[in-house]
>>> print(open('work-v1.pdb').read())   # PDB, C-alpha atoms (C1' of nucleotides)
ATOM      1  CA  MET A   1      19.026  11.118   8.611
ATOM      2  CA  ASP A   2      16.885   8.372   7.117
ATOM      3  CA  LYS A   3      14.472   8.696   4.246
ATOM      4  CA  LEU A   4      11.348   8.564   6.369
ATOM      5  CA  THR A   5      12.541  11.483   8.483
ATOM      6  CA  ALA A   6      13.459  13.481   5.393
ATOM      7  CA  THR A   7      10.157  12.917   3.638
ATOM      8  CA  SER A   8       8.120  13.820   6.697
ATOM      9  CA  MET A   9      10.164  17.008   7.068
ATOM     10  CA  PHE A  10       9.632  17.945   3.448
ATOM     11  CA  GLU A  11       5.977  17.042   3.747
ATOM     12  CA  SER A  12       5.761  19.386   6.710
ATOM     13  CA  LEU A  13       7.226  22.212   4.654
ATOM     14  CA  ALA A  14       4.941  21.492   1.712
ATOM     15  CA  SER A  15       2.040  23.459   3.181
ATOM     16  CA  GLY A  16       1.838  27.211   2.810
ATOM     17  CA  VAL A  17       0.567  27.599   6.344
ATOM     18  CA  ARG A  18       3.342  25.479   7.867
ATOM     19  CA  LEU A  19       5.962  27.216   5.767
ATOM     20  CA  ASP A  20       4.738  30.528   7.165
ATOM     21  CA  ILE A  21       4.951  29.120  10.673
ATOM     22  CA  VAL A  22       8.500  27.840  10.238
ATOM     23  CA  ARG A  23       9.735  31.050   8.665
ATOM     24  CA  LEU A  24       8.114  33.057  11.416
ATOM     25  CA  LEU A  25       9.811  30.904  14.024
ATOM     26  CA  VAL A  26      13.165  31.084  12.218
ATOM     27  CA  GLY A  27      12.901  34.858  12.456
ATOM     28  CA  HIS A  28      12.452  34.651  16.211
ATOM     29  CA  GLY A  29      15.515  32.540  16.885
ATOM     30  CA  ARG A  30      16.107  31.077  20.319
ATOM     31  CA  GLU A  31      13.297  33.068  21.857
ATOM     32  CA  GLY A  32      10.656  31.416  19.718
ATOM     33  CA  LEU A  33       6.964  32.193  20.061
ATOM     34  CA  VAL A  34       4.068  30.815  22.074
ATOM     35  CA  ALA A  35       1.170  29.339  20.151
ATOM     36  CA  GLY A  36      -1.159  32.249  20.766
ATOM     37  CA  GLU A  37       1.315  34.725  19.284
ATOM     38  CA  ILE A  38       1.662  32.587  16.162
ATOM     39  CA  ALA A  39      -2.109  32.351  15.813
ATOM     40  CA  ARG A  40      -2.433  36.119  16.139
ATOM     41  CA  LYS A  41       0.327  36.943  13.668
ATOM     42  CA  LEU A  42      -0.844  34.481  11.031
ATOM     43  CA  GLU A  43      -4.558  34.907  11.777
ATOM     44  CA  LEU A  44      -5.216  31.202  12.107
ATOM     45  CA  PRO A  45      -7.952  29.353  13.993
ATOM     46  CA  ARG A  46      -6.542  27.728  17.115
ATOM     47  CA  SER A  47      -7.435  24.199  16.134
ATOM     48  CA  ASN A  48      -5.888  24.560  12.724
ATOM     49  CA  LEU A  49      -2.677  26.028  14.121
ATOM     50  CA  SER A  50      -2.487  23.232  16.647
ATOM     51  CA  PHE A  51      -2.841  20.684  13.872
ATOM     52  CA  HIS A  52       0.016  22.205  11.884
ATOM     53  CA  LEU A  53       2.272  22.671  14.900
ATOM     54  CA  LYS A  54       1.804  19.038  15.789
ATOM     55  CA  THR A  55       2.779  18.034  12.281
ATOM     56  CA  LEU A  56       5.913  20.183  12.435
ATOM     57  CA  THR A  57       6.845  18.904  15.880
ATOM     58  CA  ARG A  58       6.424  15.261  14.916
ATOM     59  CA  ALA A  59       8.631  15.857  11.885
ATOM     60  CA  GLY A  60      11.314  17.373  14.141
ATOM     61  CA  LEU A  61      11.407  20.790  12.513
ATOM     62  CA  VAL A  62      10.199  22.648  15.587
ATOM     63  CA  THR A  63      10.492  22.015  19.298
ATOM     64  CA  VAL A  64       7.967  22.782  21.973
ATOM     65  CA  THR A  65       8.397  23.527  25.666
ATOM     66  CA  GLN A  66       5.702  24.183  28.188
ATOM     67  CA  GLU A  67       5.691  27.479  30.079
ATOM     68  CA  GLY A  68       2.819  27.431  32.500
ATOM     69  CA  ARG A  69      -0.290  27.349  30.380
ATOM     70  CA  TYR A  70       1.643  28.472  27.310
ATOM     71  CA  GLN A  71       3.374  26.297  24.749
ATOM     72  CA  ARG A  72       6.537  27.851  23.345
ATOM     73  CA  TYR A  73       7.633  26.791  19.882
ATOM     74  CA  ARG A  74      11.070  27.178  18.325
ATOM     75  CA  ALA A  75      12.512  26.314  14.916
ATOM     76  CA  ASP A  76      15.097  23.529  15.051
ATOM     77  CA  LEU A  77      17.811  24.913  12.802
ATOM     78  CA  ALA A  78      20.115  21.939  13.293
ATOM     79  CA  ALA A  79      17.416  19.657  11.936
ATOM     80  CA  MET A  80      17.090  21.872   8.851
ATOM     81  CA  GLN A  81      20.829  21.678   8.295
ATOM     82  CA  ASP A  82      20.693  17.900   8.487
ATOM     83  CA  LEU A  83      17.856  17.897   6.003
ATOM     84  CA  VAL A  84      19.788  19.977   3.477
ATOM     85  CA  ALA A  85      22.827  17.759   3.949
ATOM     86  CA  TYR A  86      20.714  14.686   3.275
ATOM     87  CA  LEU A  87      19.240  16.210   0.139
ATOM     88  CA  THR A  88      22.596  17.206  -1.325
ATOM     89  CA  ALA A  89      24.696  14.267  -0.169
ATOM     90  CA  HIS A  90      27.036  12.910  -2.851
ATOM     91  CA  CYS A  91      26.539  16.080  -4.844
ATOM     92  CA  CYS A  92      30.078  15.837  -6.191
ATOM     93  CA  ALA A  93      30.297  12.111  -6.645
ATOM     94  CA  ALA A  94      30.399  12.632 -10.394
ATOM     95  CA  GLU A  95      32.844  15.524 -10.681
ATOM     96  CA  GLU A  96      35.319  15.682  -7.804
ATOM     97  CA  GLY A  97      36.300  19.079  -6.525
ATOM     98  CA  GLU A  98      33.730  20.806  -8.631
ATOM     99  CA  CYS A  99      30.736  21.097  -6.386
ATOM    100  CA  GLU A 100      28.111  23.402  -7.781
ATOM    101  CA  LEU A 101      26.625  24.038  -4.399
ATOM    102  CA  SER A 102      28.432  26.980  -2.892
ATOM    103  CA  GLY A 103      27.911  27.964   0.703
ATOM    104  CA  VAL A 104      25.820  24.936   1.517
ATOM    105  CA  GLU A 105      27.203  22.304   3.811
ATOM    106  CA  THR A 106      27.462  19.098   1.847
ATOM    107  CA  SER A 107      29.492  15.934   1.748
ATOM    108  CA  CYS A 108      32.064  17.599  -0.483
TER     109      CYS A 108
ATOM    110  CA  MET B   1      11.433  32.883  -4.582
ATOM    111  CA  ASP B   2       7.747  33.174  -3.782
ATOM    112  CA  LYS B   3       5.764  31.019  -1.413
ATOM    113  CA  LEU B   4       3.973  29.078  -4.140
ATOM    114  CA  THR B   5       7.272  28.052  -5.709
ATOM    115  CA  ALA B   6       8.696  27.031  -2.347
ATOM    116  CA  THR B   7       5.694  24.938  -1.337
ATOM    117  CA  SER B   8       5.574  23.139  -4.673
ATOM    118  CA  MET B   9       9.284  22.384  -4.357
ATOM    119  CA  PHE B  10       8.856  21.016  -0.846
ATOM    120  CA  GLU B  11       5.805  19.092  -1.960
ATOM    121  CA  SER B  12       7.917  17.561  -4.697
ATOM    122  CA  LEU B  13      10.485  16.430  -2.157
ATOM    123  CA  ALA B  14       7.830  15.070   0.193
ATOM    124  CA  SER B  15       7.559  11.767  -1.654
ATOM    125  CA  GLY B  16      10.007   8.953  -1.009
ATOM    126  CA  VAL B  17      10.149   8.095  -4.692
ATOM    127  CA  ARG B  18      10.821  11.658  -5.791
ATOM    128  CA  LEU B  19      13.399  12.138  -3.058
ATOM    129  CA  ASP B  20      15.211   9.067  -4.385
ATOM    130  CA  ILE B  21      15.069  10.491  -7.893
ATOM    131  CA  VAL B  22      16.472  13.867  -6.858
ATOM    132  CA  ARG B  23      19.269  12.359  -4.796
ATOM    133  CA  LEU B  24      20.156  10.036  -7.641
ATOM    134  CA  LEU B  25      20.308  12.978 -10.034
ATOM    135  CA  VAL B  26      22.335  15.058  -7.566
ATOM    136  CA  GLY B  27      24.858  12.241  -7.514
ATOM    137  CA  HIS B  28      25.201  12.403 -11.297
ATOM    138  CA  GLY B  29      25.908  16.123 -11.517
ATOM    139  CA  ARG B  30      25.969  17.867 -14.873
ATOM    140  CA  GLU B  31      25.802  14.611 -16.769
ATOM    141  CA  GLY B  32      22.405  13.713 -15.376
ATOM    142  CA  LEU B  33      20.530  10.581 -16.381
ATOM    143  CA  VAL B  34      18.012   9.658 -19.041
ATOM    144  CA  ALA B  35      14.604   8.482 -17.889
ATOM    145  CA  GLY B  36      15.234   4.849 -18.697
ATOM    146  CA  GLU B  37      18.358   4.736 -16.543
ATOM    147  CA  ILE B  38      16.435   6.208 -13.626
ATOM    148  CA  ALA B  39      13.647   3.686 -14.061
ATOM    149  CA  ARG B  40      16.153   0.838 -14.130
ATOM    150  CA  LYS B  41      18.097   1.990 -11.073
ATOM    151  CA  LEU B  42      15.022   2.665  -8.963
ATOM    152  CA  GLU B  43      12.966  -0.189 -10.397
ATOM    153  CA  LEU B  44       9.973   1.971 -11.172
ATOM    154  CA  PRO B  45       7.196   1.496 -13.731
ATOM    155  CA  ARG B  46       7.621   3.881 -16.640
ATOM    156  CA  SER B  47       4.319   5.656 -16.141
ATOM    157  CA  ASN B  48       4.951   6.203 -12.484
ATOM    158  CA  LEU B  49       8.430   7.583 -13.062
ATOM    159  CA  SER B  50       7.100   9.890 -15.737
ATOM    160  CA  PHE B  51       4.478  11.186 -13.320
ATOM    161  CA  HIS B  52       7.094  11.977 -10.675
ATOM    162  CA  LEU B  53       9.565  13.491 -13.118
ATOM    163  CA  LYS B  54       6.842  15.780 -14.392
ATOM    164  CA  THR B  55       6.076  16.873 -10.855
ATOM    165  CA  LEU B  56       9.754  17.601 -10.188
ATOM    166  CA  THR B  57      10.172  19.444 -13.470
ATOM    167  CA  ARG B  58       7.121  21.622 -12.925
ATOM    168  CA  ALA B  59       8.416  22.492  -9.470
ATOM    169  CA  GLY B  60      11.748  23.532 -10.975
ATOM    170  CA  LEU B  61      13.913  21.061  -9.097
ATOM    171  CA  VAL B  62      15.037  19.177 -12.187
ATOM    172  CA  THR B  63      15.537  20.141 -15.804
ATOM    173  CA  VAL B  64      14.919  18.045 -18.861
ATOM    174  CA  THR B  65      16.479  18.136 -22.321
ATOM    175  CA  GLN B  66      15.663  15.974 -25.269
ATOM    176  CA  GLU B  67      18.376  13.822 -26.833
ATOM    177  CA  GLY B  68      16.937  12.019 -29.781
ATOM    178  CA  ARG B  69      14.346   9.730 -28.357
ATOM    179  CA  TYR B  70      15.806  10.023 -24.871
ATOM    180  CA  GLN B  71      14.890  12.538 -22.206
ATOM    181  CA  ARG B  72      17.843  13.587 -20.046
ATOM    182  CA  TYR B  73      17.112  14.819 -16.551
ATOM    183  CA  ARG B  74      19.407  16.838 -14.286
ATOM    184  CA  ALA B  75      19.050  18.178 -10.748
ATOM    185  CA  ASP B  76      18.867  21.976 -10.589
ATOM    186  CA  LEU B  77      21.224  22.733  -7.719
ATOM    187  CA  ALA B  78      20.775  26.489  -7.981
ATOM    188  CA  ALA B  79      17.050  26.060  -7.397
ATOM    189  CA  MET B  80      17.773  24.023  -4.272
ATOM    190  CA  GLN B  81      20.063  26.749  -2.989
ATOM    191  CA  ASP B  82      17.342  29.318  -3.527
ATOM    192  CA  LEU B  83      14.904  27.104  -1.680
ATOM    193  CA  VAL B  84      17.174  26.799   1.352
ATOM    194  CA  ALA B  85      17.763  30.544   1.319
ATOM    195  CA  TYR B  86      14.020  31.153   1.287
ATOM    196  CA  LEU B  87      13.468  28.764   4.171
ATOM    197  CA  THR B  88      16.137  30.319   6.369
ATOM    198  CA  ALA B  89      15.721  33.964   5.406
ATOM    199  CA  HIS B  90      15.799  36.327   8.381
ATOM    200  CA  CYS B  91      17.300  33.590  10.515
ATOM    201  CA  CYS B  92      19.219  36.159  12.545
ATOM    202  CA  ALA B  93      16.626  38.885  12.713
ATOM    203  CA  ALA B  94      16.296  38.245  16.430
ATOM    204  CA  GLU B  95      19.935  37.910  17.471
ATOM    205  CA  GLU B  96      22.323  39.791  15.204
ATOM    206  CA  GLY B  97      25.648  38.179  14.443
ATOM    207  CA  GLU B  98      24.686  34.983  16.121
ATOM    208  CA  CYS B  99      23.338  32.858  13.345
ATOM    209  CA  GLU B 100      22.864  29.281  14.365
ATOM    210  CA  LEU B 101      23.025  28.086  10.798
ATOM    211  CA  SER B 102      26.666  27.436   9.981
ATOM    212  CA  GLY B 103      27.738  26.709   6.460
ATOM    213  CA  VAL B 104      24.354  27.419   4.980
ATOM    214  CA  GLU B 105      23.914  30.436   2.778
ATOM    215  CA  THR B 106      21.448  32.716   4.501
ATOM    216  CA  SER B 107      20.584  36.358   4.735
ATOM    217  CA  CYS B 108      23.066  36.798   7.594
TER     218      CYS B 108
ATOM    219  C1'  DA C   1     -13.381  25.534  44.396
ATOM    220  C1'  DC C   2     -14.386  28.177  40.377
ATOM    221  C1'  DA C   3     -14.232  31.138  36.517
ATOM    222  C1'  DA C   4     -11.059  32.549  32.815
ATOM    223  C1'  DT C   5      -7.566  31.736  29.593
ATOM    224  C1'  DG C   6      -4.437  28.861  26.543
ATOM    225  C1'  DA C   7      -4.230  24.982  23.860
ATOM    226  C1'  DT C   8      -5.370  20.265  22.033
ATOM    227  C1'  DT C   9      -8.497  16.608  20.440
ATOM    228  C1'  DC C  10     -12.326  14.912  17.884
ATOM    229  C1'  DA C  11     -15.580  13.966  13.998
ATOM    230  C1'  DA C  12     -17.018  15.049   9.545
ATOM    231  C1'  DT C  13     -16.387  17.001   5.181
ATOM    232  C1'  DA C  14     -14.005  18.357   0.948
ATOM    233  C1'  DA C  15     -10.088  18.150  -1.698
ATOM    234  C1'  DT C  16      -5.760  16.329  -3.268
ATOM    235  C1'  DC C  17      -2.197  12.786  -4.277
ATOM    236  C1'  DG C  18      -0.059   8.137  -5.722
ATOM    237  C1'  DT C  19      -0.296   4.030  -8.402
ATOM    238  C1'  DT C  20      -1.361   1.090 -12.244
ATOM    239  C1'  DG C  21      -1.848  -0.842 -17.052
ATOM    240  C1'  DA C  22      -3.377   0.266 -21.491
ATOM    241  C1'  DA C  23      -3.272   3.410 -25.084
ATOM    242  C1'  DC C  24      -0.820   6.839 -27.412
ATOM    243  C1'  DC C  25       3.074   9.830 -29.434
ATOM    244  C1'  DA C  26       8.039  10.461 -30.980
ATOM    245  C1'  DT C  27      12.351   8.890 -32.728
ATOM    246  C1'  DT C  28      15.528   5.567 -34.626
ATOM    247  C1'  DG C  29      17.197   2.113 -37.881
ATOM    248  C1'  DA C  30      16.563  -1.413 -41.236
TER     249       DA C  30
ATOM    250  C1'  DT D   1       7.407   2.537 -44.629
ATOM    251  C1'  DC D   2       7.355  -0.431 -40.818
ATOM    252  C1'  DA D   3       8.824  -2.516 -36.631
ATOM    253  C1'  DA D   4      11.204  -1.502 -32.327
ATOM    254  C1'  DT D   5      12.369   1.365 -28.571
ATOM    255  C1'  DG D   6      11.846   5.383 -25.239
ATOM    256  C1'  DG D   7       8.555   8.094 -22.961
ATOM    257  C1'  DT D   8       4.125  10.349 -21.867
ATOM    258  C1'  DT D   9      -0.883  10.615 -21.189
ATOM    259  C1'  DC D  10      -5.204   8.910 -19.608
ATOM    260  C1'  DA D  11      -8.859   7.061 -16.489
ATOM    261  C1'  DA D  12      -9.979   4.958 -12.284
ATOM    262  C1'  DC D  13      -9.350   3.518  -7.885
ATOM    263  C1'  DG D  14      -7.671   3.815  -3.085
ATOM    264  C1'  DA D  15      -5.429   6.453   0.335
ATOM    265  C1'  DT D  16      -4.035  10.552   2.514
ATOM    266  C1'  DT D  17      -4.448  15.537   3.926
ATOM    267  C1'  DA D  18      -6.558  20.213   5.278
ATOM    268  C1'  DT D  19     -10.124  22.628   7.515
ATOM    269  C1'  DT D  20     -13.699  23.779  10.868
ATOM    270  C1'  DG D  21     -16.387  24.327  15.279
ATOM    271  C1'  DA D  22     -17.584  22.015  19.384
ATOM    272  C1'  DA D  23     -15.960  19.573  23.137
ATOM    273  C1'  DT D  24     -12.289  18.614  26.216
ATOM    274  C1'  DC D  25      -8.024  19.141  29.081
ATOM    275  C1'  DA D  26      -4.573  22.063  31.660
ATOM    276  C1'  DT D  27      -3.097  26.062  34.142
ATOM    277  C1'  DT D  28      -3.652  30.473  36.468
ATOM    278  C1'  DG D  29      -5.556  33.742  39.755
ATOM    279  C1'  DT D  30      -9.095  35.111  42.888
TER     280       DT D  30
END
>>> encode(input="work-v1.pdb", output="structure tokens")
Amino acid sequence: MDKLTATSMFESLASGVRLDIVRLLVGHGREGLVAGEIARKLELPRSNLSFHLKTLTRAGLVTVTQEGRYQRYRADLAAMQDLVAYLTAHCCAAEEGECELSGVETSC
Amino acid sequence: MDKLTATSMFESLASGVRLDIVRLLVGHGREGLVAGEIARKLELPRSNLSFHLKTLTRAGLVTVTQEGRYQRYRADLAAMQDLVAYLTAHCCAAEEGECELSGVETSC
DNA sequence: ACAATGATTCAATAATCGTTGAACCATTGA
DNA sequence: TCAATGGTTCAACGATTATTGAATCATTGT
């Protein structure tokens, strides 16, 4: 993970609307949701949702696959893991064996 | 963790400069760094660093304590854990027992 | 081919964010 | 008390981002 990727991912999560979208998708696992379902659940205008989904897709936090005239979106959990690992890399460089992050995959 | 807190944390991490600051602080654990050391290592103008440190502090990602005329900053790892937990909450609502997030503390 | 449905793109506006140097405040030490 | 050092605040500019409806593209079903 390079810095540009990380910042664009964090930037994607820095919007309340996009955070809602990601969390909604996380809750729907491998099945994901098609755009129309997301728009209905979050009560968003189509064009606005499309804008945010594009942002999330470009950042690599969600994936999209075409199903006929529908676009199915899924959260990319592996990408989120990588992001957390990037953020907390070297978290125990100072004090070996005493990582304060429990349960999170780090470089420790 | 509420949505406003989460978005302001992600917004704080959405800047390359602030991401550098946080990762630098993570690497210095409980000891942390005083502002001047951060400015020297990242080669940042004082006023700019102060602006970014204020943003990070308000978001709750770093803490600050005064030491004489120095200001010592530390990464708040517990806050980062909470943030990750918020992001990935309900990650297995769809498929029980089959969480795709390994090693990350979630609601599973 | 054509109407209907799902979704994206576009242009324009309003609002927010990042950077900078100068000025200012706080603490230390002579 | 006064100079020196560490840090923050301020104002101003430029750049980026979010939102909206209308227009456009793609796919389905008759």
>>> calpha_fit_and_write(input="work-v1.pdb", fixed="chain A", moving="chain B", output="tab-separated table (two decimals) with C-alpha atoms, in the frame of the given file")
chain	number	residue	atom	x	y	z
B	1	MET	CA	19.00	11.13	8.63
B	2	ASP	CA	16.88	8.38	7.12
B	3	LYS	CA	14.50	8.70	4.22
B	4	LEU	CA	11.36	8.56	6.35
B	5	THR	CA	12.54	11.48	8.46
B	6	ALA	CA	13.47	13.49	5.39
B	7	THR	CA	10.16	12.92	3.61
B	8	SER	CA	8.13	13.81	6.68
B	9	MET	CA	10.17	16.99	7.07
B	10	PHE	CA	9.63	17.95	3.44
B	11	GLU	CA	5.98	17.05	3.74
B	12	SER	CA	5.76	19.38	6.70
B	13	LEU	CA	7.22	22.21	4.65
B	14	ALA	CA	4.94	21.49	1.70
B	15	SER	CA	2.04	23.45	3.16
B	16	GLY	CA	1.84	27.21	2.79
B	17	VAL	CA	0.58	27.60	6.34
B	18	ARG	CA	3.33	25.48	7.85
B	19	LEU	CA	5.97	27.20	5.76
B	20	ASP	CA	4.75	30.52	7.16
B	21	ILE	CA	4.95	29.12	10.67
B	22	VAL	CA	8.49	27.84	10.24
B	23	ARG	CA	9.74	31.05	8.67
B	24	LEU	CA	8.12	33.06	11.43
B	25	LEU	CA	9.81	30.90	14.05
B	26	VAL	CA	13.16	31.09	12.23
B	27	GLY	CA	12.88	34.85	12.46
B	28	HIS	CA	12.46	34.65	16.23
B	29	GLY	CA	15.52	32.53	16.91
B	30	ARG	CA	16.11	31.06	20.34
B	31	GLU	CA	13.31	33.06	21.88
B	32	GLY	CA	10.66	31.41	19.75
B	33	LEU	CA	6.97	32.19	20.07
B	34	VAL	CA	4.07	30.83	22.07
B	35	ALA	CA	1.16	29.34	20.15
B	36	GLY	CA	-1.14	32.26	20.75
B	37	GLU	CA	1.33	34.74	19.28
B	38	ILE	CA	1.67	32.60	16.17
B	39	ALA	CA	-2.09	32.36	15.81
B	40	ARG	CA	-2.43	36.12	16.14
B	41	LYS	CA	0.33	36.95	13.66
B	42	LEU	CA	-0.84	34.49	11.03
B	43	GLU	CA	-4.55	34.91	11.76
B	44	LEU	CA	-5.20	31.21	12.09
B	45	PRO	CA	-7.94	29.36	13.98
B	46	ARG	CA	-6.56	27.73	17.11
B	47	SER	CA	-7.43	24.20	16.10
B	48	ASN	CA	-5.87	24.57	12.71
B	49	LEU	CA	-2.66	26.02	14.10
B	50	SER	CA	-2.48	23.23	16.64
B	51	PHE	CA	-2.84	20.67	13.86
B	52	HIS	CA	0.03	22.20	11.88
B	53	LEU	CA	2.28	22.67	14.90
B	54	LYS	CA	1.79	19.03	15.78
B	55	THR	CA	2.77	18.03	12.27
B	56	LEU	CA	5.91	20.18	12.44
B	57	THR	CA	6.83	18.90	15.88
B	58	ARG	CA	6.41	15.26	14.91
B	59	ALA	CA	8.61	15.86	11.89
B	60	GLY	CA	11.29	17.36	14.12
B	61	LEU	CA	11.39	20.79	12.52
B	62	VAL	CA	10.19	22.64	15.60
B	63	THR	CA	10.47	22.00	19.31
B	64	VAL	CA	7.94	22.77	21.99
B	65	THR	CA	8.36	23.51	25.69
B	66	GLN	CA	5.67	24.20	28.21
B	67	GLU	CA	5.67	27.49	30.10
B	68	GLY	CA	2.81	27.48	32.53
B	69	ARG	CA	-0.27	27.38	30.41
B	70	TYR	CA	1.64	28.51	27.34
B	71	GLN	CA	3.35	26.32	24.77
B	72	ARG	CA	6.53	27.86	23.36
B	73	TYR	CA	7.62	26.78	19.91
B	74	ARG	CA	11.06	27.19	18.34
B	75	ALA	CA	12.49	26.30	14.93
B	76	ASP	CA	15.09	23.52	15.07
B	77	LEU	CA	17.81	24.90	12.82
B	78	ALA	CA	20.11	21.93	13.31
B	79	ALA	CA	17.40	19.64	11.94
B	80	MET	CA	17.09	21.85	8.86
B	81	GLN	CA	20.83	21.67	8.32
B	82	ASP	CA	20.70	17.90	8.51
B	83	LEU	CA	17.86	17.89	6.01
B	84	VAL	CA	19.80	19.97	3.50
B	85	ALA	CA	22.84	17.76	3.97
B	86	TYR	CA	20.73	14.68	3.29
B	87	LEU	CA	19.26	16.21	0.16
B	88	THR	CA	22.61	17.20	-1.30
B	89	ALA	CA	24.71	14.27	-0.14
B	90	HIS	CA	27.05	12.92	-2.82
B	91	CYS	CA	26.56	16.09	-4.83
B	92	CYS	CA	30.09	15.82	-6.19
B	93	ALA	CA	30.30	12.08	-6.65
B	94	ALA	CA	30.38	12.62	-10.40
B	95	GLU	CA	32.82	15.52	-10.70
B	96	GLU	CA	35.31	15.69	-7.84
B	97	GLY	CA	36.26	19.11	-6.55
B	98	GLU	CA	33.69	20.82	-8.66
B	99	CYS	CA	30.71	21.11	-6.41
B	100	GLU	CA	28.06	23.38	-7.81
B	101	LEU	CA	26.60	24.02	-4.41
B	102	SER	CA	28.43	26.98	-2.92
B	103	GLY	CA	27.93	27.95	0.67
B	104	VAL	CA	25.84	24.93	1.48
B	105	GLU	CA	27.22	22.31	3.80
B	106	THR	CA	27.52	19.11	1.81
B	107	SER	CA	29.56	15.97	1.72
B	108	CYS	CA	32.13	17.66	-0.52
>>> resolve_selection(input="work-v1.pdb", expression="the PyMOL selection byres ((chain A) within 8 of (chain D))", output="PyMOL selection string")
chain A and resi 48+68-69
>>> residues_around(input="work-v1.pdb", residues="B:Leu25", least_positions_apart="4", cutoff="8 Å", atoms="all atoms listed in the file", output="list of chain:residue names")
B:Ile21, B:Gly29, B:Gly32, B:Leu33, B:Tyr73, B:Arg74, B:Ala75
>>> interface_residues(input="work-v1.pdb", of="chain C", to="chain A", cutoff="9 Å", atoms="all atoms listed in the file", output="list of chain:residue names")
C:DT5, C:DG6, C:DA7, C:DT8, C:DT9
>>> resolve_selection(input="work-v1.pdb", expression="the PyMOL selection byres ((chain B and resi 88) around 8)", output="list of chain:residue names")
A:Arg23, A:Val26, B:Val84, B:Ala85, B:Tyr86, B:Leu87, B:Ala89, B:His90, B:Cys91, B:Thr106, B:Ser107
>>> resolve_selection(input="work-v1.pdb", expression="the PyMOL selection byres ((chain A and resi 13) around 10)", output="PDB file with C-alpha atoms, in the frame of the given file")
ATOM      1  CA  THR A   7      10.157  12.917   3.638  1.00  0.00           C
ATOM      2  CA  SER A   8       8.120  13.820   6.697  1.00  0.00           C
ATOM      3  CA  MET A   9      10.164  17.008   7.068  1.00  0.00           C
ATOM      4  CA  PHE A  10       9.632  17.945   3.448  1.00  0.00           C
ATOM      5  CA  GLU A  11       5.977  17.042   3.747  1.00  0.00           C
ATOM      6  CA  SER A  12       5.761  19.386   6.710  1.00  0.00           C
ATOM      7  CA  ALA A  14       4.941  21.492   1.712  1.00  0.00           C
ATOM      8  CA  SER A  15       2.040  23.459   3.181  1.00  0.00           C
ATOM      9  CA  GLY A  16       1.838  27.211   2.810  1.00  0.00           C
ATOM     10  CA  VAL A  17       0.567  27.599   6.344  1.00  0.00           C
ATOM     11  CA  ARG A  18       3.342  25.479   7.867  1.00  0.00           C
ATOM     12  CA  LEU A  19       5.962  27.216   5.767  1.00  0.00           C
ATOM     13  CA  ASP A  20       4.738  30.528   7.165  1.00  0.00           C
ATOM     14  CA  ILE A  21       4.951  29.120  10.673  1.00  0.00           C
ATOM     15  CA  VAL A  22       8.500  27.840  10.238  1.00  0.00           C
ATOM     16  CA  THR A  55       2.779  18.034  12.281  1.00  0.00           C
ATOM     17  CA  LEU A  56       5.913  20.183  12.435  1.00  0.00           C
ATOM     18  CA  ALA A  59       8.631  15.857  11.885  1.00  0.00           C
ATOM     19  CA  LEU A  61      11.407  20.790  12.513  1.00  0.00           C
TER      20      LEU A  61
ATOM     21  CA  ALA B   6       8.696  27.031  -2.347  1.00  0.00           C
ATOM     22  CA  THR B   7       5.694  24.938  -1.337  1.00  0.00           C
ATOM     23  CA  SER B   8       5.574  23.139  -4.673  1.00  0.00           C
ATOM     24  CA  MET B   9       9.284  22.384  -4.357  1.00  0.00           C
ATOM     25  CA  PHE B  10       8.856  21.016  -0.846  1.00  0.00           C
ATOM     26  CA  GLU B  11       5.805  19.092  -1.960  1.00  0.00           C
ATOM     27  CA  LEU B  13      10.485  16.430  -2.157  1.00  0.00           C
ATOM     28  CA  ALA B  14       7.830  15.070   0.193  1.00  0.00           C
ATOM     29  CA  LEU B  87      13.468  28.764   4.171  1.00  0.00           C
TER      30      LEU B  87
END
>>> closest_residue(input="work-v1.pdb", among="B:Val62, B:Glu67, B:Arg40, B:Ala78", to="chain A", atoms="all atoms listed in the file")
B:Ala78
>>> atom_distance(input="work-v1.pdb", atom1="atom CA of A:Arg30", atom2="atom CA of A:Lys3")
27.6 Å
>>> atom_distance(input="work-v1.pdb", atom1="atom CA of A:Met1", atom2="atom CA of A:Asp82")
7.0 Å
>>> closest_residue(input="work-v1.pdb", among="A:Arg58, A:Val64, A:Leu77, A:Arg72", to="chain B", atoms="all atoms listed in the file")
A:Leu77
